[in-house]
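Note sheet for the following structure.
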Amino acid sequence: MAPRDTLIRVLGIETSCDETAASVVELRDGSPGILSSIVLSQIEEHAAFGGVVPEIAARAHVEALDGVIEAALTDAGTPLSEIDAVAATAGPGLVGGLIVGLMTAKAIAAAAGKKLIPVNHLEGHALTARLTDGLAFPYLLLLLSGGHTQIVLIRGVGDYQRWATTVDDALGEAFDKTAKLLGLPYPGGPSVERAAQAGDAARFAFPRPMKGAAQPDFSFSGLKTAVRQAATDAAPLSDADVADICASFQAAVSDALADRVARSLARFRQQFAVIEAPVLVVAGGVASNREIRAALDRQCRGFGFRFVAPPAALCTDNAAMIAWAGIERITAGLAETDGFAFAPRSRWPLDEVSAPVVGSGRRGAKA
Ligand code: KG4
Ligand code: ZN
C-alpha cells in the first residue's frame, strides 16, 4: 500500500463485452475508495439474439461511452484535472468494444496530459478483493464468468499463475446454453437459477464431469449434452420438467465445482503451509449463484479456507475493478511504460507462461 499522505485517483473504463462502464477510484493514505461506478448494460440490445452480438456491442459502446464517463466524473465530484491516470481494459474481449474503450481513454489521457494504463480485464477481476476486503497476497481466485472458468494463484500485482481451467465450455456459457435449450430468457444464468428454485434436484442424475480426476481442470460439455438428451426425452416440456432439469443441472454443477476446487485448495495448503488463514476469492457473473456460493463456502470451510465473495456488482463486469487495477499498477511501479503504444488484444491470458488449453472458453468472448 502507498505511504501516508498520498492520494492517487484513477478514471477506469471498461468496454470488453456488453457493459459500458466508467468509474473513479482513489487510494487515500493507503485506504481505497470507490468515488463512482457507472455500469450501463446492453442486455436489452442483445436479448432478441440470445447472446452478445459483437457489432451491436461495439456500436452501443460508441454511443454510450462519452456520457457514461461524464456521469462517472460528475458522480465522483472529480474534474479530469484531479485525475492522475486513465486506466482502460485493453483485452481480452470483443475487439470492437476494446478499440472504442482504449482509444477513448488514449484521447482523454493525451488531451489532459495524464498517464494511460492499459489493463487486462482478468487482472481487474483478480485484484477486486483487495479493493473490497484488503486481502494480502497470495490468495486463490476462482473466476466463473461467461468466457472463463479458471483457478489462478494471485501472488502479487502482475504475478499470476493459472492452476486450472476449463478444457471445453466456460461455466457461464453452460448456463446460457442450458437456458436457451429450455426456452428460458437471456441471460441464462439468472433464469436457470430462478427456475431451479421450484425444481426437484434429484430427478435427473446428470454427470459430474471430471469428478475425482487428479488433474485440477474443469469440463462442462458432457453435462450440456446430458441436459440436451434429458430435454429431448421429456419433450414436450412442462414448467415442472424445466424446473427439475434446472435444479438437477445446478446440483451437478455445484457438486462438480466443489470437487474440482478441492484439488487447488489442497495444493495451496501444501505450497503455503505457513499461511494460517488462506483465502479463496470468487469473481464473475456465475459467482452470484446462491447454490454455487453455498457449495464453495462449504468446501472452503472443510479445507480451513476463508471464502471471499465481493458484492455482486463488483463480481460482474464494472469499471471500478479496472480503475483499481490501474492504482495497483501505479503503486507497484508497473505503470511506467508508455501505455499509448499499447494495442487492444482480443486474447490476453493472465498467466502468459502456462500453455493454452484447447477450447478453454469462448474465443473473443467476455471474461
Ligand atoms: O462476469 P459476467 O457478468 O460477464 C462476463 O462473462 O465477464 O458473467 C456473465 C455470465 C453469463 O454467462 C450469465 O449467464 C452468468 O454469468 N450468470 C449466472 C448468474 N448470473 C449471471 N450464472 C448462474 N447463476 C446466476 N445467478
Ligand atoms: Zn469479466
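Ligands are numbered from 1 in the order shown, chains are lettered A, B, ... in the order of the C-alpha cells, and residues start at 1 in each chain.
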Could you give me, as a JSON list (two decimals) with all heavy atoms, in the first residue's frame, the residues within 6 Å of range 66-77 of chain A, counting only C-alpha atoms and dropping anything in the same chain fewer than 2 positions from it?
[["chain", "number", "residue", "atom", "x", "y", "z"],
["A", 22, "ALA", "N", -17.74, 3.14, -16.51],
["A", 22, "ALA", "CA", -16.68, 4.08, -16.13],
["A", 22, "ALA", "C", -16.76, 4.29, -14.62],
["A", 22, "ALA", "O", -17.84, 4.19, -14.03],
["A", 22, "ALA", "CB", -16.84, 5.40, -16.87],
["A", 23, "SER", "N", -15.61, 4.57, -14.01],
["A", 23, "SER", "CA", -15.57, 4.67, -12.55],
["A", 23, "SER", "C", -14.37, 5.50, -12.13],
["A", 23, "SER", "O", -13.35, 5.55, -12.82],
["A", 23, "SER", "CB", -15.45, 3.26, -11.98],
["A", 23, "SER", "OG", -15.05, 3.29, -10.62],
["A", 35, "LEU", "N", -15.29, 6.24, -5.71],
["A", 35, "LEU", "CA", -15.99, 7.52, -5.71],
["A", 35, "LEU", "C", -17.21, 7.49, -6.63],
["A", 35, "LEU", "O", -18.18, 8.21, -6.41],
["A", 35, "LEU", "CB", -15.05, 8.64, -6.14],
["A", 35, "LEU", "CG", -13.78, 8.82, -5.28],
["A", 35, "LEU", "CD1", -13.05, 10.10, -5.68],
["A", 35, "LEU", "CD2", -14.09, 8.85, -3.80],
["A", 36, "SER", "N", -17.14, 6.66, -7.67],
["A", 36, "SER", "CA", -18.30, 6.50, -8.56],
["A", 36, "SER", "C", -18.11, 5.22, -9.35],
["A", 36, "SER", "O", -16.97, 4.77, -9.56],
["A", 36, "SER", "CB", -18.42, 7.68, -9.52],
["A", 36, "SER", "OG", -17.33, 7.69, -10.42],
["A", 38, "ILE", "N", -20.31, 3.65, -12.73],
["A", 38, "ILE", "CA", -21.48, 3.63, -13.62],
["A", 38, "ILE", "C", -21.36, 2.42, -14.54],
["A", 38, "ILE", "O", -20.32, 2.23, -15.19],
["A", 38, "ILE", "CB", -21.52, 4.91, -14.50],
["A", 38, "ILE", "CG1", -21.35, 6.18, -13.66],
["A", 38, "ILE", "CG2", -22.78, 4.93, -15.35],
["A", 38, "ILE", "CD1", -22.56, 6.64, -12.93],
["A", 64, "ALA", "N", -22.67, 5.21, -26.10],
["A", 64, "ALA", "CA", -22.87, 5.45, -24.66],
["A", 64, "ALA", "C", -21.64, 5.95, -23.91],
["A", 64, "ALA", "O", -21.77, 6.62, -22.88],
["A", 64, "ALA", "CB", -23.35, 4.15, -24.00]]
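Backbone DSSP assigns strand (DSSP E) in range 131-238 of chain A to Tyr139, Leu140, Leu141, Leu142, Leu143, Leu144, Thr149, Gln150, Ile151, Val152, Leu153, Ile154, Arg155, Gly156, Asp159, Tyr160, Gln161, Arg162, Trp163, Ala164 and Thr165 of chain A.
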Generate the output file for the selected residues, C-alpha atoms, as an mmCIF file, in the first residue's frame.
data_model
loop_
_atom_site.group_PDB
_atom_site.id
_atom_site.type_symbol
_atom_site.label_atom_id
_atom_site.label_comp_id
_atom_site.auth_asym_id
_atom_site.auth_seq_id
_atom_site.Cartn_x
_atom_site.Cartn_y
_atom_site.Cartn_z
ATOM 1 C CA TYR A 139 -4.580 -15.981 -2.484
ATOM 2 C CA LEU A 140 -6.533 -18.169 -4.882
ATOM 3 C CA LEU A 141 -9.008 -16.747 -7.388
ATOM 4 C CA LEU A 142 -11.850 -18.783 -8.876
ATOM 5 C CA LEU A 143 -13.112 -16.906 -11.926
ATOM 6 C CA LEU A 144 -16.549 -18.065 -13.085
ATOM 7 C CA THR A 149 -13.561 -20.742 -15.788
ATOM 8 C CA GLN A 150 -10.195 -20.671 -14.084
ATOM 9 C CA ILE A 151 -8.374 -21.014 -10.807
ATOM 10 C CA VAL A 152 -5.459 -18.597 -10.604
ATOM 11 C CA LEU A 153 -2.830 -18.174 -7.908
ATOM 12 C CA ILE A 154 -2.562 -14.431 -7.242
ATOM 13 C CA ARG A 155 0.988 -13.929 -5.936
ATOM 14 C CA GLY A 156 1.299 -10.194 -6.466
ATOM 15 C CA ASP A 159 2.322 -12.095 -10.857
ATOM 16 C CA TYR A 160 -0.285 -14.740 -11.694
ATOM 17 C CA GLN A 161 -0.155 -18.486 -12.166
ATOM 18 C CA ARG A 162 -3.046 -20.399 -13.664
ATOM 19 C CA TRP A 163 -3.656 -23.649 -11.824
ATOM 20 C CA ALA A 164 -6.806 -24.863 -13.565
ATOM 21 C CA THR A 165 -9.022 -24.003 -16.500
#
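Nearest residue to ligand 1, choosing from A:Ser191, A:Thr128, A:Gln42, A:Ser37 and counting only C-alpha atoms and all ligand atoms: A:Ser191.
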Exercise for the section: Identify, counting only C-alpha atoms and all ligand atoms, the protein, DNA and RNA residues located within 9 Å of ligand 1, and give them as a PyMOL selection string. Expected result: chain A and resi 16-19+93+121-122+125+143-148+170-177+179+186-194+250+283-292+313+315-318+365-367
Problem - Residues near range 260-266 of chain A, cut-off 8 Å, only C-alpha atoms, skip fewer than 5 positions along chain, as a list in words - result: Ile151, Trp163, Ala164, Met210, Lys211, Gly212, Ala214, Gln215, Pro216, Asp217, Phe218, Gln299, Cys300, Phe303 and Phe305 of chain A
Problem - Given only C-alpha atoms as the counted atoms, nearest of A:Leu350, A:Ala112, A:Ala273, A:Val157 to Ala325 in chain A - result: A:Val157
Practice task
Compile the contact shell of Asp244 in chain A as an MDAnalysis selection string: residues with an atom at most 9 Å away, counting only C-alpha atoms, same-chain residues fewer than 4 positions apart removed.
Solution key: chainID A and resid 195:196 198:204 239:240 248:249
Exercise for the section: Counting only C-alpha atoms, figure out which residue out of A:Gln271, A:Thr166, A:Pro236, A:Leu94 gets nearest to His61 in chain A. Expected result: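 Counting only C-alpha atoms, the residue closest to His61 in chain A is A:Leu94.
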Problem - Two-atom distance - CA of Arg306 in chain A, CA of Ala323 in chain A (Å) - result: 25.9 Å
Exercise for the section: Return the single residue from A:Thr78, A:Ser31, A:Thr89, A:Thr104 that is closest to ligand 2, with distances computed using only C-alpha atoms and all ligand atoms. Expected result: A:Thr89
Practice task
Name the closest residue to Leu102 in chain A among the candidates A:Thr232, A:Thr225, A:Ser81, A:Thr15; distances are taken between atoms, counting only C-alpha atoms.
Solution key: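 With only C-alpha atoms as the atom set, the closest residue is A:Thr15.
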Practice task
Rank A:Asp241, A:Ala109, A:Ala312, A:Gly96 by their smallest atom-to-atom distance to ligand 2, using only C-alpha atoms and all ligand atoms, and report the top residue only.
Solution key: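 Looking at the shortest contact to ligand 2, the residue is A:Ala312.
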Exercise for the section: Apply DSSP to the structure's backbone, then extract all residues of range 93-259 of chain A labelled alpha helix (DSSP H) and return them as a ChimeraX atom specification. Expected result: /A:95-112,121-133,171-181,188-196,221-234,239-259
